[in-house]
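**Q** Below is the file entry11.pdb, with PDB, C-alpha atoms.
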ATOM      1  CA  MET F 150     -13.637  34.008 -26.562
ATOM      2  CA  SER F 151     -10.943  31.699 -27.892
ATOM      3  CA  LYS F 152      -8.471  33.019 -25.277
ATOM      4  CA  LEU F 153     -11.074  32.531 -22.567
ATOM      5  CA  ARG F 154     -11.714  28.954 -23.681
ATOM      6  CA  SER F 155      -7.977  28.309 -23.762
ATOM      7  CA  ARG F 156      -7.547  29.587 -20.218
ATOM      8  CA  SER F 157     -10.516  27.535 -19.037
ATOM      9  CA  THR F 158      -9.040  24.433 -20.645
ATOM     10  CA  ARG F 159      -5.662  25.021 -18.974
ATOM     11  CA  ALA F 160      -7.314  25.621 -15.608
ATOM     12  CA  ALA F 161      -9.355  22.451 -15.954
ATOM     13  CA  ALA F 162      -6.233  20.478 -16.863
ATOM     14  CA  ILE F 163      -4.406  21.843 -13.813
ATOM     15  CA  LEU F 164      -7.329  20.959 -11.528
ATOM     16  CA  VAL F 165      -7.508  17.437 -12.943
ATOM     17  CA  GLY F 166      -3.782  17.003 -12.461
ATOM     18  CA  LEU F 167      -3.930  18.247  -8.870
ATOM     19  CA  SER F 168      -6.867  15.982  -8.080
ATOM     20  CA  LEU F 169      -4.974  12.969  -9.402
ATOM     21  CA  VAL F 170      -1.912  13.844  -7.343
ATOM     22  CA  LEU F 171      -3.944  14.433  -4.187
ATOM     23  CA  ALA F 172      -5.919  11.236  -4.754
ATOM     24  CA  GLY F 173      -2.655   9.342  -4.571
ATOM     25  CA  CYS F 174      -1.877  10.812  -1.123
ATOM     26  CA  THR F 175      -3.825   8.157   0.769
ATOM     27  CA  SER F 176      -2.906   5.906   3.667
ATOM     28  CA  GLN F 177      -2.577   3.007   1.242
ATOM     29  CA  SER F 178      -0.155   4.845  -1.021
ATOM     30  CA  ALA F 179       1.931   5.815   2.015
ATOM     31  CA  VAL F 180       2.614   2.124   2.669
ATOM     32  CA  GLY F 181       3.116   1.261  -0.988
ATOM     33  CA  TRP F 182      -0.295  -0.458  -1.212
ATOM     34  CA  LEU F 183       0.940  -3.224   1.059
ATOM     35  CA  PRO F 184      -1.794  -5.115   2.966
ATOM     36  CA  THR F 185      -0.914  -3.554   6.334
ATOM     37  CA  GLU F 186      -0.428  -0.314   8.241
ATOM     38  CA  ARG F 187       2.461   1.202  10.125
ATOM     39  CA  GLY F 188       3.307   0.191  13.660
ATOM     40  CA  LEU F 189       1.669  -3.246  13.825
ATOM     41  CA  THR F 190       4.957  -4.784  14.958
ATOM     42  CA  ASN F 191       8.469  -3.545  15.620
ATOM     43  CA  GLN F 192       9.358  -4.747  12.089
ATOM     44  CA  THR F 193       6.597  -3.597   9.746
ATOM     45  CA  ASP F 194       7.835  -0.015   9.387
ATOM     46  CA  ARG F 195      11.276  -1.249   8.320
ATOM     47  CA  VAL F 196       9.745  -3.489   5.635
ATOM     48  CA  ILE F 197       7.433  -0.704   4.440
ATOM     49  CA  ASP F 198      10.278   1.805   4.169
ATOM     50  CA  LEU F 199      12.448  -0.624   2.195
ATOM     51  CA  TRP F 200       9.547  -1.366  -0.162
ATOM     52  CA  VAL F 201       8.510   2.258  -0.728
ATOM     53  CA  VAL F 202      12.054   3.608  -1.204
ATOM     54  CA  SER F 203      12.828   0.782  -3.641
ATOM     55  CA  TRP F 204       9.799   1.687  -5.744
ATOM     56  CA  ILE F 205      10.706   5.385  -5.704
ATOM     57  CA  VAL F 206      14.202   4.562  -6.995
ATOM     58  CA  LEU F 207      12.773   2.250  -9.646
ATOM     59  CA  LEU F 208      10.247   4.903 -10.681
ATOM     60  CA  VAL F 209      13.043   7.444 -11.182
ATOM     61  CA  VAL F 210      15.033   4.902 -13.208
ATOM     62  CA  GLY F 211      11.941   4.140 -15.278
ATOM     63  CA  ILE F 212      11.282   7.818 -16.013
ATOM     64  CA  ILE F 213      14.900   8.371 -17.090
ATOM     65  CA  THR F 214      14.757   5.292 -19.294
ATOM     66  CA  TRP F 215      11.553   6.359 -21.014
ATOM     67  CA  VAL F 216      12.877   9.896 -21.522
ATOM     68  CA  LEU F 217      16.007   8.516 -23.177
ATOM     69  CA  ILE F 218      13.964   6.195 -25.389
ATOM     70  CA  ILE F 219      11.636   8.995 -26.505
ATOM     71  CA  TRP F 220      14.551  11.400 -26.980
ATOM     72  CA  ALA F 221      16.422   8.905 -29.175
ATOM     73  CA  ALA F 222      13.279   8.166 -31.203
ATOM     74  CA  VAL F 223      12.636  11.878 -31.813
ATOM     75  CA  VAL F 224      16.174  13.151 -32.385
ATOM     76  CA  TYR F 225      17.339  10.292 -34.578
ATOM     77  CA  ARG F 226      14.138   9.719 -36.541
ATOM     78  CA  ARG F 227      14.210   9.734 -40.321
ATOM     79  CA  ARG F 228      13.212  13.198 -41.479
ATOM     80  CA  LYS F 229      11.324  14.254 -44.565
ATOM     81  CA  GLY F 230      13.442  13.984 -47.671
ATOM     82  CA  GLN F 231      15.958  11.604 -46.114
ATOM     83  CA  SER F 232      16.562   8.074 -47.322
ATOM     84  CA  GLY F 233      18.734   5.200 -46.316
ATOM     85  CA  THR F 234      20.013   4.299 -42.862
ATOM     86  CA  PRO F 235      20.669   7.140 -40.393
ATOM     87  CA  ALA F 236      24.189   7.714 -39.150
ATOM     88  CA  GLN F 237      25.163   4.875 -36.834
ATOM     89  CA  LEU F 238      26.875   5.329 -33.470
ATOM     90  CA  ARG F 239      29.265   2.613 -32.280
ATOM     91  CA  TYR F 240      31.603   2.070 -29.369
ATOM     92  CA  ASN F 241      30.568   5.043 -27.283
ATOM     93  CA  MET F 242      32.548   4.173 -24.183
ATOM     94  CA  PRO F 243      31.073   6.803 -21.819
ATOM     95  CA  ILE F 244      27.514   5.680 -22.578
ATOM     96  CA  GLU F 245      28.378   1.965 -22.379
ATOM     97  CA  THR F 246      30.199   2.524 -19.099
ATOM     98  CA  PHE F 247      27.208   4.450 -17.747
ATOM     99  CA  TYR F 248      24.782   1.680 -18.753
ATOM    100  CA  THR F 249      27.002  -0.896 -17.013
ATOM    101  CA  VAL F 250      27.974   0.931 -13.835
ATOM    102  CA  VAL F 251      24.586   2.416 -12.887
ATOM    103  CA  PRO F 252      22.653  -0.911 -12.965
ATOM    104  CA  LEU F 253      25.481  -2.537 -11.014
ATOM    105  CA  ILE F 254      25.255   0.177  -8.353
ATOM    106  CA  LEU F 255      21.476  -0.250  -8.165
ATOM    107  CA  VAL F 256      21.703  -4.034  -7.777
ATOM    108  CA  LEU F 257      24.392  -3.769  -5.103
ATOM    109  CA  GLY F 258      22.435  -1.056  -3.309
ATOM    110  CA  PHE F 259      19.200  -3.069  -3.245
ATOM    111  CA  PHE F 260      21.123  -6.116  -2.028
ATOM    112  CA  ALA F 261      22.927  -4.184   0.715
ATOM    113  CA  PHE F 262      19.808  -2.537   2.161
ATOM    114  CA  THR F 263      17.800  -5.767   1.932
ATOM    115  CA  ALA F 264      20.550  -7.767   3.656
ATOM    116  CA  ARG F 265      20.822  -5.088   6.373
ATOM    117  CA  ASP F 266      17.098  -5.082   7.132
ATOM    118  CA  GLN F 267      16.823  -8.865   6.987
ATOM    119  CA  ALA F 268      19.705  -9.252   9.439
ATOM    120  CA  ILE F 269      17.995  -6.846  11.857
ATOM    121  CA  ILE F 270      14.634  -8.624  11.550
ATOM    122  CA  GLU F 271      16.220 -12.048  12.021
ATOM    123  CA  GLU F 272      18.153 -10.985  15.119
ATOM    124  CA  PRO F 273      16.833 -12.961  18.135
ATOM    125  CA  LEU F 274      15.163 -10.977  20.890
ATOM    126  CA  PRO F 275      16.834 -11.612  24.259
ATOM    127  CA  ASP F 276      14.635 -13.163  26.963
ATOM    128  CA  PRO F 277      11.360 -13.413  24.997
ATOM    129  CA  ASP F 278       8.217 -12.951  27.088
ATOM    130  CA  VAL F 279       6.131 -15.380  25.025
ATOM    131  CA  ARG F 280       7.365 -18.553  23.346
ATOM    132  CA  VAL F 281       5.020 -20.240  20.879
ATOM    133  CA  GLU F 282       5.767 -23.372  18.898
ATOM    134  CA  VAL F 283       3.842 -23.574  15.619
ATOM    135  CA  PHE F 284       3.457 -26.834  13.713
ATOM    136  CA  GLY F 285       2.125 -26.711  10.166
ATOM    137  CA  LYS F 286       0.184 -29.772   9.067
ATOM    138  CA  ARG F 287      -2.003 -30.634   6.114
ATOM    139  CA  TRP F 288      -4.031 -28.391   6.214
ATOM    140  CA  ALA F 289      -4.116 -26.646   9.562
ATOM    141  CA  TRP F 290      -2.019 -25.559  12.528
ATOM    142  CA  ASP F 291      -1.025 -26.612  16.035
ATOM    143  CA  PHE F 292      -0.002 -23.912  18.507
ATOM    144  CA  ASN F 293       2.010 -24.825  21.616
ATOM    145  CA  TYR F 294       2.208 -22.043  24.212
ATOM    146  CA  LEU F 295       5.447 -23.185  25.782
ATOM    147  CA  ASN F 296       5.493 -20.731  28.701
ATOM    148  CA  GLU F 297       1.957 -21.649  29.676
ATOM    149  CA  GLU F 298       2.263 -25.385  28.892
ATOM    150  CA  VAL F 299      -1.000 -25.426  26.967
ATOM    151  CA  TYR F 300      -1.790 -26.017  23.296
ATOM    152  CA  PHE F 301      -4.382 -25.495  20.598
ATOM    153  CA  SER F 302      -4.929 -27.995  17.784
ATOM    154  CA  GLY F 303      -6.649 -26.562  14.728
ATOM    155  CA  ILE F 304      -8.505 -27.879  11.728
ATOM    156  CA  GLN F 305      -8.576 -26.539   8.191
ATOM    157  CA  ALA F 306     -10.970 -23.741   7.320
ATOM    158  CA  GLN F 307     -14.521 -24.971   6.821
ATOM    159  CA  GLU F 308     -16.406 -23.881   3.732
ATOM    160  CA  LEU F 309     -20.032 -22.918   4.287
ATOM    161  CA  PRO F 310     -22.713 -24.118   1.828
ATOM    162  CA  GLU F 311     -23.259 -20.562   0.545
ATOM    163  CA  GLY F 312     -19.570 -20.138  -0.242
ATOM    164  CA  PRO F 313     -17.578 -18.137   2.330
ATOM    165  CA  ILE F 314     -15.360 -19.540   5.060
ATOM    166  CA  ASP F 315     -16.666 -20.183   8.568
ATOM    167  CA  ALA F 316     -14.520 -17.708  10.498
ATOM    168  CA  GLU F 317     -15.368 -19.416  13.790
ATOM    169  CA  SER F 318     -13.579 -22.584  12.664
ATOM    170  CA  LEU F 319     -10.246 -20.895  11.941
ATOM    171  CA  PRO F 320      -7.310 -21.759  14.225
ATOM    172  CA  THR F 321      -6.520 -18.757  16.410
ATOM    173  CA  LEU F 322      -3.122 -17.742  17.710
ATOM    174  CA  TYR F 323      -3.254 -15.388  20.703
ATOM    175  CA  LEU F 324      -0.396 -12.973  21.415
ATOM    176  CA  PRO F 325      -0.144 -10.298  24.128
ATOM    177  CA  VAL F 326       0.476  -6.772  22.914
ATOM    178  CA  ASP F 327       3.873  -5.121  23.491
ATOM    179  CA  GLN F 328       5.520  -8.379  24.548
ATOM    180  CA  LYS F 329       8.588  -9.964  22.975
ATOM    181  CA  VAL F 330       7.492 -13.034  21.010
ATOM    182  CA  GLU F 331       9.538 -16.012  19.865
ATOM    183  CA  ILE F 332       7.849 -18.232  17.279
ATOM    184  CA  THR F 333       9.363 -21.684  16.760
ATOM    185  CA  ILE F 334       8.327 -22.938  13.330
ATOM    186  CA  GLU F 335       8.047 -26.651  12.473
ATOM    187  CA  SER F 336       6.309 -28.908   9.932
ATOM    188  CA  ARG F 337       4.591 -32.218  10.571
ATOM    189  CA  ASP F 338       4.605 -33.479   6.997
ATOM    190  CA  VAL F 339       5.455 -31.400   3.899
ATOM    191  CA  ILE F 340       6.861 -27.932   3.286
ATOM    192  CA  HIS F 341       4.505 -25.192   4.442
ATOM    193  CA  SER F 342       5.048 -21.474   5.073
ATOM    194  CA  PHE F 343       3.919 -19.544   8.160
ATOM    195  CA  TRP F 344       2.694 -16.152   6.967
ATOM    196  CA  ILE F 345       1.010 -13.448   9.026
ATOM    197  CA  VAL F 346      -0.029 -11.263   6.118
ATOM    198  CA  ASP F 347      -0.403  -7.970   7.976
ATOM    199  CA  PHE F 348       3.007  -8.393   9.637
ATOM    200  CA  LEU F 349       4.749  -8.515   6.224
ATOM    201  CA  TYR F 350       6.888 -11.536   6.995
ATOM    202  CA  LYS F 351       6.776 -15.262   6.506
ATOM    203  CA  LYS F 352       8.938 -18.248   7.301
ATOM    204  CA  ASP F 353       9.190 -21.623   5.578
ATOM    205  CA  MET F 354       8.211 -24.711   7.552
ATOM    206  CA  ILE F 355      10.524 -27.495   6.431
ATOM    207  CA  PRO F 356      10.372 -31.071   7.760
ATOM    208  CA  ALA F 357      13.263 -31.899  10.109
ATOM    209  CA  ARG F 358      14.306 -28.238  10.275
ATOM    210  CA  THR F 359      13.459 -25.618  12.901
ATOM    211  CA  ASN F 360      13.050 -21.957  11.992
ATOM    212  CA  TYR F 361      12.480 -19.014  14.313
ATOM    213  CA  TRP F 362      10.819 -15.619  14.122
ATOM    214  CA  TYR F 363      11.135 -12.861  16.709
ATOM    215  CA  PHE F 364       8.943  -9.758  16.885
ATOM    216  CA  ILE F 365       6.911  -7.492  19.160
ATOM    217  CA  PRO F 366       3.215  -6.992  18.277
ATOM    218  CA  GLN F 367       2.404  -3.361  18.989
ATOM    219  CA  GLN F 368      -1.291  -2.938  18.153
ATOM    220  CA  GLU F 369      -4.247  -4.963  19.358
ATOM    221  CA  GLY F 370      -6.404  -6.419  16.619
ATOM    222  CA  VAL F 371      -7.246  -9.438  14.496
ATOM    223  CA  TYR F 372      -4.829 -10.256  11.689
ATOM    224  CA  ARG F 373      -4.908 -12.728   8.825
ATOM    225  CA  GLY F 374      -2.614 -15.701   8.487
ATOM    226  CA  LYS F 375      -2.196 -18.402   5.866
ATOM    227  CA  CYS F 376       0.167 -20.944   4.399
ATOM    228  CA  ALA F 377       2.234 -19.333   1.644
ATOM    229  CA  GLU F 378       3.650 -22.555   0.163
ATOM    230  CA  LEU F 379       1.621 -24.765  -2.177
ATOM    231  CA  CYS F 380       1.265 -27.872  -0.010
ATOM    232  CA  GLY F 381      -1.490 -29.979  -1.500
ATOM    233  CA  GLU F 382      -5.171 -30.252  -2.267
ATOM    234  CA  TYR F 383      -6.544 -27.967   0.474
ATOM    235  CA  HIS F 384      -3.683 -25.485   0.610
ATOM    236  CA  SER F 385      -6.128 -22.600   0.080
ATOM    237  CA  LEU F 386      -7.968 -23.590   3.275
ATOM    238  CA  MET F 387      -4.836 -23.602   5.452
ATOM    239  CA  LEU F 388      -5.815 -20.356   7.149
ATOM    240  CA  PHE F 389      -5.587 -18.963  10.656
ATOM    241  CA  GLU F 390      -6.065 -15.767  12.628
ATOM    242  CA  VAL F 391      -3.763 -13.907  14.982
ATOM    243  CA  HIS F 392      -5.442 -12.063  17.854
ATOM    244  CA  VAL F 393      -3.173  -9.494  19.492
ATOM    245  CA  VAL F 394      -4.809  -8.811  22.842
ATOM    246  CA  SER F 395      -4.126  -7.281  26.243
ATOM    247  CA  GLN F 396      -2.186  -9.289  28.814
ATOM    248  CA  ASP F 397      -5.375  -9.912  30.811
ATOM    249  CA  GLU F 398      -7.204 -11.254  27.753
ATOM    250  CA  TYR F 399      -4.202 -13.406  26.867
ATOM    251  CA  ASP F 400      -4.183 -14.902  30.379
ATOM    252  CA  ARG F 401      -7.905 -15.636  30.093
ATOM    253  CA  GLN F 402      -7.401 -17.460  26.802
ATOM    254  CA  MET F 403      -4.586 -19.548  28.298
ATOM    255  CA  GLN F 404      -6.812 -20.429  31.252
ATOM    256  CA  ALA F 405      -9.610 -21.404  28.867
ATOM    257  CA  LEU F 406      -7.259 -23.869  27.137
ATOM    258  CA  ARG F 407      -6.391 -25.390  30.533
ATOM    259  CA  GLN F 408     -10.056 -25.787  31.382
ATOM    260  CA  GLN F 409     -10.576 -27.564  28.062
ATOM    261  CA  GLY F 410      -7.879 -30.051  29.035
ATOM    262  CA  ASN F 411      -5.379 -28.800  26.448
ATOM    263  CA  THR F 412      -2.387 -29.009  28.769
ATOM    264  CA  GLY F 413       1.082 -30.106  27.721
ATOM    265  CA  ARG F 414       2.592 -29.969  24.248
ATOM    266  CA  LEU F 415       1.733 -31.466  20.865
ATOM    267  CA  GLY F 416       5.312 -32.213  19.895
ATOM    268  CA  PRO F 417       7.116 -33.969  17.016
ATOM    269  CA  GLU F 418       5.757 -37.346  18.130
ATOM    270  CA  ASN F 419       2.640 -36.393  16.146
ATOM    271  CA  ASN F 420       4.562 -35.760  12.935
ATOM    272  CA  VAL F 421       3.571 -37.806   9.916
ATOM    273  CA  LEU F 422       7.204 -38.284   8.890
ATOM    274  CA  GLN F 423       9.322 -39.960  11.550
ATOM    275  CA  ASN F 424      12.270 -41.263   9.502
ATOM    276  CA  LEU F 425      13.760 -38.142   7.952
ATOM    277  CA  PRO F 426      17.457 -37.375   8.439
ATOM    278  CA  GLY F 427      17.853 -35.086  11.406
ATOM    279  CA  THR F 428      14.584 -35.933  13.161
ATOM    280  CA  THR F 429      16.421 -37.693  15.981
ATOM    281  CA  ALA F 430      18.573 -34.639  16.860
ATOM    282  CA  THR F 431      18.151 -33.026  20.248
ATOM    283  CA  ALA F 432      17.087 -29.401  20.612
ATOM    284  CA  GLU F 433      20.655 -28.464  21.553
ATOM    285  CA  GLU F 434      22.079 -30.145  18.461
ATOM    286  CA  ARG F 435      19.680 -28.242  16.219
TER
END
In structure tokens, what does this structure look like?

**A**
Amino acid sequence: MSKLRSRSTRAAAILVGLSLVLAGCTSQSAVGWLPTERGLTNQTDRVIDLWVVSWIVLLVVGIITWVLIIWAAVVYRRRKGQSGTPAQLRYNMPIETFYTVVPLILVLGFFAFTARDQAIIEEPLPDPDVRVEVFGKRWAWDFNYLNEEVYFSGIQAQELPEGPIDAESLPTLYLPVDQKVEITIESRDVIHSFWIVDFLYKKDMIPARTNYWYFIPQQEGVYRGKCAELCGEYHSLMLFEVHVVSQDEYDRQMQALRQQGNTGRLGPENNVLQNLPGTTATAEER
């Protein structure tokens, strides 16, 4: 009976272990529990792979570190009948060299792969199909569709009396699927940050400085956006949505803005700060 119970206990332990391992094999674990999924843009997979591989390397380093700690605690513990300080080890050059070289290699490796991926993501796309100029303002967004010569001026998210946000009031940025997009990023007042959460990338919006972001949205859907830089009292309400739609739907939305009279461009003449160094530079000089 005791052998039977022992086998049952081992079998149960194996089943529990397998269930835990299989439970981790989910779509969320495959992307490192990032708030996205693969293939949303031409860049998200690269960011996901860098993130997941980095954590795998760090997990291996962590396991080795804990094994060494436990091994040292067990092997060099004070045993029964012993007194005084255990034998001390000093100036072990191989170990000290190992502890210096391996972390240096890891740091350089992380830096190299991060710099490589960032350079690829930051590379401008030639002849973008869609050019959008985004102005961050306290605490909302203006979107200029430069190709279409129309604009959208947003307001900050509106809180409903019962608590949640009125989704209908959120500024909406429309982008056509599978088209090369150039986002020009500007600020009207203070430092903001343009962050499309699901696209795993964000860019600072700095007064008197222009930043750019190039990407190709590859899946239709509605995606979250927000300001990622603490910018004042209603920073938490500086939200927006990105709607990646078909070309026909995109054209309809542009026509709707024309019918509303939103033609032209809401440019830097609407900025709160007009006397910062560099604000008088031409586009070519920037």

**Q** For the structure shown, which residues end up in the PyMOL selection byres ((chain F and resi 411-415) around 9)? Put them as JSON, numbers by chain, please?

**A** {"F": [284, 291, 292, 293, 294, 295, 297, 298, 299, 300, 301, 302, 405, 406, 407, 408, 409, 410, 416, 417, 418, 419]}

**Q** Write out as a short mmCIF file (atom, residue, chain, number, x, y, z; two decimals) with C-alpha atoms, in the frame of the given file the residues lying within 12 Å of range 206-208 of chain F, counting all atoms listed in the file and excluding same-chain residues fewer than 3 positions away.

**A**
data_model
loop_
_atom_site.label_atom_id
_atom_site.label_comp_id
_atom_site.auth_asym_id
_atom_site.auth_seq_id
_atom_site.Cartn_x
_atom_site.Cartn_y
_atom_site.Cartn_z
CA LEU F 199 12.45 -0.62 2.19
CA TRP F 200 9.55 -1.37 -0.16
CA VAL F 201 8.51 2.26 -0.73
CA VAL F 202 12.05 3.61 -1.20
CA SER F 203 12.83 0.78 -3.64
CA GLY F 211 11.94 4.14 -15.28
CA ILE F 212 11.28 7.82 -16.01
CA ILE F 213 14.90 8.37 -17.09
CA THR F 214 14.76 5.29 -19.29
CA TRP F 215 11.55 6.36 -21.01
CA PRO F 252 22.65 -0.91 -12.96
CA ILE F 254 25.26 0.18 -8.35
CA LEU F 255 21.48 -0.25 -8.16
CA VAL F 256 21.70 -4.03 -7.78
CA GLY F 258 22.44 -1.06 -3.31
CA PHE F 259 19.20 -3.07 -3.24
#

**Q** Considering all atoms listed in the file, can you say which of F:Ile340, F:Leu422, F:Val371, F:Val326 comes closest to Glu398 in chain F?

**A**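 With all atoms listed in the file as the atom set, the closest residue is F:Val326.
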
**Q** Tell me, in Å to one decimal, how far CA of Phe260 in chain F is from CA of Gln192 in chain F.

**A**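 Separation of CA of Phe260 in chain F and CA of Gln192 in chain F: 18.4 Å.
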
**Q** Which one of F:Met403, F:Val421, F:Ala222, F:Leu217 sits closest to Asn296 in chain F if you count only C-alpha atoms?

**A**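 Nearest to Asn296 in chain F: F:Met403.
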
**Q** Name the closest residue to Gln267 in chain F among the candidates F:Lys351, F:Lys329, F:Arg280, F:Lys229; distances are taken between atoms, counting only C-alpha atoms.

**A**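 Ranking F:Lys351, F:Lys329, F:Arg280, F:Lys229 by distance to Gln267 in chain F, first place goes to F:Lys351.
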
**Q** Would you mind reading off the distance between CA of Tyr399 in chain F and CA of Gln328 in chain F, one decimal, in Å?

**A**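 So the answer is 11.2 Å.
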
**Q** Might you spell out which residues the PyMOL selection byres ((chain F and resi 349) around 9) would select in the displayed file, as a list in words?

**A**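 Answer for the PyMOL selection byres ((chain F and resi 349) around 9): Leu183, Pro184, Thr185, Gln192, Thr193, Val196, Ile197, Trp344, Ile345, Val346, Asp347, Phe348, Tyr350 and Lys351 of chain F.
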
**Q** Take the residues that were just selected and, keeping C-alpha atoms, output them as a tab-separated table (two decimals), in the frame of the given file.

**A**
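Result file follows (out_27.tsv):
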chain	number	residue	atom	x	y	z
F	183	LEU	CA	0.94	-3.22	1.06
F	184	PRO	CA	-1.79	-5.12	2.97
F	185	THR	CA	-0.91	-3.55	6.33
F	192	GLN	CA	9.36	-4.75	12.09
F	193	THR	CA	6.60	-3.60	9.75
F	196	VAL	CA	9.74	-3.49	5.64
F	197	ILE	CA	7.43	-0.70	4.44
F	344	TRP	CA	2.69	-16.15	6.97
F	345	ILE	CA	1.01	-13.45	9.03
F	346	VAL	CA	-0.03	-11.26	6.12
F	347	ASP	CA	-0.40	-7.97	7.98
F	348	PHE	CA	3.01	-8.39	9.64
F	350	TYR	CA	6.89	-11.54	7.00
F	351	LYS	CA	6.78	-15.26	6.51

**Q** For a quick check of understanding, using only C-alpha atoms, which of F:Lys286, F:His341, F:Arg187, F:Arg228 has the smallest distance to Ala377 in chain F?

**A**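 The closest residue to Ala377 in chain F is F:His341.
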
**Q** What is the CA of Gln404 in chain F to CA of Ser342 in chain F distance in Å?

**A** 28.8 Å
